[in-house]
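Asks: One structure coming up, written as C-alpha cells, with questions to follow.
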Amino acid sequence: MVFLVLPAALVTLILFGVPMLVLLRISLNSFSPTQLMQEAVTFENYHRAFSDPYYQEVMGTTLTVALVCTVISLVLGFPAAHWLARMNSRWKSTVTILTLFPLLIGNVVRSAGWIALIGPNGALNSATRVLGLPSAQLMYTPQAVVLGTVAVVLPLMILTLASVIEGIPRQAEEAASSLGAKPFTVFRRVLLPQTMPGVAAGSVLVFILCMNAFATPILLGGPRFTMMAPAVYDQFMRGSNWPFGAALAFILLTTTLGVTIAVSEFLARLSRR
C-alpha cells in the first residue's frame with residue numbers, strides 16, 4: 001500500500017517542497033537598490049515585514065477578509081447545498097451545472113462585471129439616480145472586496161457541502177421531525193454533526209483561496225486596499241525586491257497553513273463532540 005502512495009508523494013514533494021525551499025532561501029538574501037538581490041543569510045526581511053506597521057495592517061486585512069468571506073460563504077452555502085442535495089427533480093443536474101458555471105469564468109471577468117454593477121457609473125448607481133436616492137459608494141471599499149470574493153468561492157462551498165449531505169440518509173431528518181424536533185433542532189442535532197467533514201473541507205478550501213486572492217482585491221478594492229498577494233506581486237514585479245517579496249510570500253504561506261490547521265483541528269473537535 002505504501003508503494004502505491006509513494007509516487008504521488010514524490011511528485012507532490014518535487015512540485016511543492018522544492019519551490020518552497022528555493023523561496024525560503026531567496027527570502028534570506030539581502031537587497032540593494034543598485035545591485036538588487038545579494039546572496040546572504042539574514043532575517044532582515046522578516047524583521048521588516050513583522051515590524052513595519054503597513055505590512056502588519058496588510059496581514060491583518062488579509063486575515064480579516066479571508067475569515068469573513070469563509071463565514072459568509074458557509075452561512076449562505078449551507079441552505080443552498082441542503083436544497084441541492086435533497087432535490088429529486090430531473091433538473092438537479094442542470095442546477096448543479098449552473099452552480100458550477102461561475103467557476104468557468106475568470107476572476108478578472110467577474111470583477112469587471114461587479115465594476116459594471118456597483119461602480120460609480122454602474123447599473124446600481126444609475127438606478128439610484130433615476131429613483132432620486134443617494135448613490136451607493138461600494139467601489140473601492142472592503143465591502144466590495146468581500147462581496148466579490150464571496151461570489152468567487154461560494155460555488156465551491158455549496159458543491160463541497162452538497163456532496164457530503166447527499167451521503168446522509170434523508171430518513172434521519174424525517175425521523176427527528178416525526179419525533180417533534182423543530183427544524184433548527186434537526187439542523188443542530190442531526191444534520192450539522194454529520195456534515196462536519198464537509199464543513200471543515202469547504203471552510204479550509206475557501207479560506208485558502210481567500211487568503212491568496214489577487215485580482216478581486218486589486219480591481220474592487222482600489223489602490224488603497226492591499227492584501228498579501230498583491231503586496232507580494234508589487235515587491236517582485238514593481239520593486240524588484242525579490243528577497244522581501246519572498247519573505248512576504250513565505251509569511252503568507254505559513255500563516256495560511258497555520259490558520260488552516262487550527263481551524264481544521266477546531267472543527268474536528270466539534271465533530272468528535
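Chain labels run A, B, ... following the order of the C-alpha cells; each chain numbers its residues from 1, and ligands are numbered from 1 in the order shown.
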Excluding stretch 198-208 of chain A and residues on its chain fewer than 4 positions from it, collect all residues at most 7 Å away from it, counting only C-alpha atoms, and give them as a PyMOL selection string.

Replies: chain A and resi 66-67+70+153+157+160-161+164+212+256+260+264+267

Asks: Which residues come within 7 Å of stretch 35-38 of chain A, counting only C-alpha atoms, excluding same-chain residues fewer than 2 positions away, as a list in words?

Replies: Asn29, Ser30, Phe31, Ser32, Pro33, Ala40, Asn241, Trp242 and Pro243 of chain A

Asks: Find the residues near A:Phe43: any atom within 12 Å, counting only C-alpha atoms, skip ones fewer than 6 places away on the same chain, and give them as a short mmCIF file (atom, residue, chain, number, x, y, z; two decimals) with N, CA and C atoms, in the first residue's frame.

Replies:
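Contents of the output file selection31.cif:
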```cif
data_model
loop_
_atom_site.label_atom_id
_atom_site.label_comp_id
_atom_site.auth_asym_id
_atom_site.auth_seq_id
_atom_site.Cartn_x
_atom_site.Cartn_y
_atom_site.Cartn_z
N LEU A 24 12.31 30.05 0.35
CA LEU A 24 12.87 30.32 1.67
C LEU A 24 14.31 30.82 1.56
N ARG A 25 15.08 30.21 0.67
CA ARG A 25 16.47 30.64 0.50
C ARG A 25 16.56 32.06 -0.05
N ILE A 26 15.69 32.40 -0.99
CA ILE A 26 15.69 33.75 -1.56
C ILE A 26 15.33 34.78 -0.48
N SER A 27 14.39 34.39 0.41
CA SER A 27 13.95 35.33 1.43
C SER A 27 15.05 35.68 2.43
N LEU A 28 16.10 34.86 2.50
CA LEU A 28 17.20 35.12 3.42
C LEU A 28 18.30 35.96 2.79
N ASN A 29 18.16 36.29 1.52
CA ASN A 29 19.13 37.16 0.86
C ASN A 29 18.87 38.62 1.23
N SER A 30 19.80 39.48 0.89
CA SER A 30 19.66 40.91 1.13
C SER A 30 19.38 41.63 -0.19
N PHE A 31 18.96 42.88 -0.09
CA PHE A 31 18.59 43.65 -1.27
C PHE A 31 19.31 44.99 -1.25
N ALA A 49 9.11 42.86 7.74
CA ALA A 49 7.71 42.51 7.49
C ALA A 49 6.89 42.53 8.78
N PHE A 50 7.47 42.05 9.88
CA PHE A 50 6.73 41.97 11.14
C PHE A 50 6.75 43.29 11.92
N PRO A 243 14.07 39.33 -2.41
CA PRO A 243 14.17 38.79 -1.05
C PRO A 243 13.00 39.18 -0.16
N PHE A 244 12.61 40.45 -0.20
CA PHE A 244 11.49 40.88 0.64
C PHE A 244 10.17 40.29 0.14
N ALA A 246 9.86 37.42 -1.37
CA ALA A 246 9.87 36.02 -0.97
C ALA A 246 9.54 35.86 0.50
N ALA A 247 10.03 36.80 1.33
CA ALA A 247 9.70 36.75 2.76
C ALA A 247 8.20 36.94 2.97
#
```

Asks: Have a look at A:Ala215, A:Leu192, A:Val41, A:Ala151 and name the one nearest to A:Phe101; count only C-alpha atoms.

Replies: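 Checking each of A:Ala215, A:Leu192, A:Val41, A:Ala151 against A:Phe101, counting only C-alpha atoms, the winner is A:Ala151.
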
Asks: Would you give me, as an NGL selection string, the residues in stretch 11-245 of chain A that DSSP reads as helix (DSSP H, G or I)?

Replies: :A and (11-27 or 44-51 or 53-85 or 92-104 or 107-118 or 123-130 or 142-165 or 170-178 or 183-194 or 196-211 or 215-221 or 228-238 or 242-245)

Asks: For A:Gly148, which of A:Ser73, A:Thr128, A:Thr185, A:Thr61 is the closest residue, counting only C-alpha atoms?

Replies: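 Nearest to A:Gly148: A:Ser73.
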
Asks: Near A:Tyr54, counting only C-alpha atoms, which residues have an atom at most 12 Å away, once you skip same-chain residues fewer than 5 positions from it, shown as a list in words?

Replies: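 In the requested form, the answer reads Arg48, Ala49, Met59, Gly60, Thr61, Arg224, Phe225, Thr226, Met227, Met228 and Ala231 of chain A.
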
Asks: Store the residues of this selection in a file with C-alpha atoms, as a compact mmCIF listing (two decimals), in the first residue's frame.

Replies:
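So selection_39.txt came out as:
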```
# COMPACT_ATOMS: atom_id res chain seq x y z
CA ARG A 48 10.91 44.36 8.36
CA ALA A 49 7.71 42.51 7.49
CA MET A 59 -1.69 40.90 7.04
CA GLY A 60 -4.50 41.84 9.42
CA THR A 61 -6.67 42.92 6.49
CA ARG A 224 -5.64 51.96 -1.00
CA PHE A 225 -6.85 48.45 -0.19
CA THR A 226 -3.97 45.97 -0.16
CA MET A 227 -3.87 42.28 0.69
CA MET A 228 -0.87 39.98 0.90
CA ALA A 231 1.78 43.07 -1.91
```

Asks: Can you pull out every residue from stretch 6-199 of chain A that DSSP, working from the backbone, puts in strand (DSSP E or B), and format the result as a PyMOL selection string?

Replies: chain A and resi 30-32+36-38

Asks: Would you please work out which residue, of A:Leu154, A:Val11, A:Met196, A:Ile261, is nearest to A:Val75 when using only C-alpha atoms?

Replies: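 Among A:Leu154, A:Val11, A:Met196, A:Ile261, it is A:Leu154 that comes nearest to A:Val75.
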
Asks: Just give me the gap between atom CA of A:Met139 and atom CA of A:Gly222 in Å, one decimal is fine.

Replies: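 Distance between the two atoms: 8.0 Å.
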
Asks: Per residue of stretch 112-203 of chain A within 10 Å of stretch 93-98 of chain A, record the nearest atom pair and its distance in Å to one decimal, counting only C-alpha atoms, with rows in chain order and ascending residue number, as a tab-separated table.

Replies:
```
residue	atom	partner	partner_atom	distance
A:Pro155	CA	A:Leu98	CA	9.5
A:Ile158	CA	A:Thr96	CA	9.6
A:Leu159	CA	A:Thr96	CA	8.0
A:Ala162	CA	A:Thr96	CA	9.7
```

Asks: So, counting only C-alpha atoms, which residue among A:Val190, A:Val130, A:Ala144, A:Met211 is closest to A:Val65?

Replies: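 Checking each of A:Val190, A:Val130, A:Ala144, A:Met211 against A:Val65, counting only C-alpha atoms, the winner is A:Met211.
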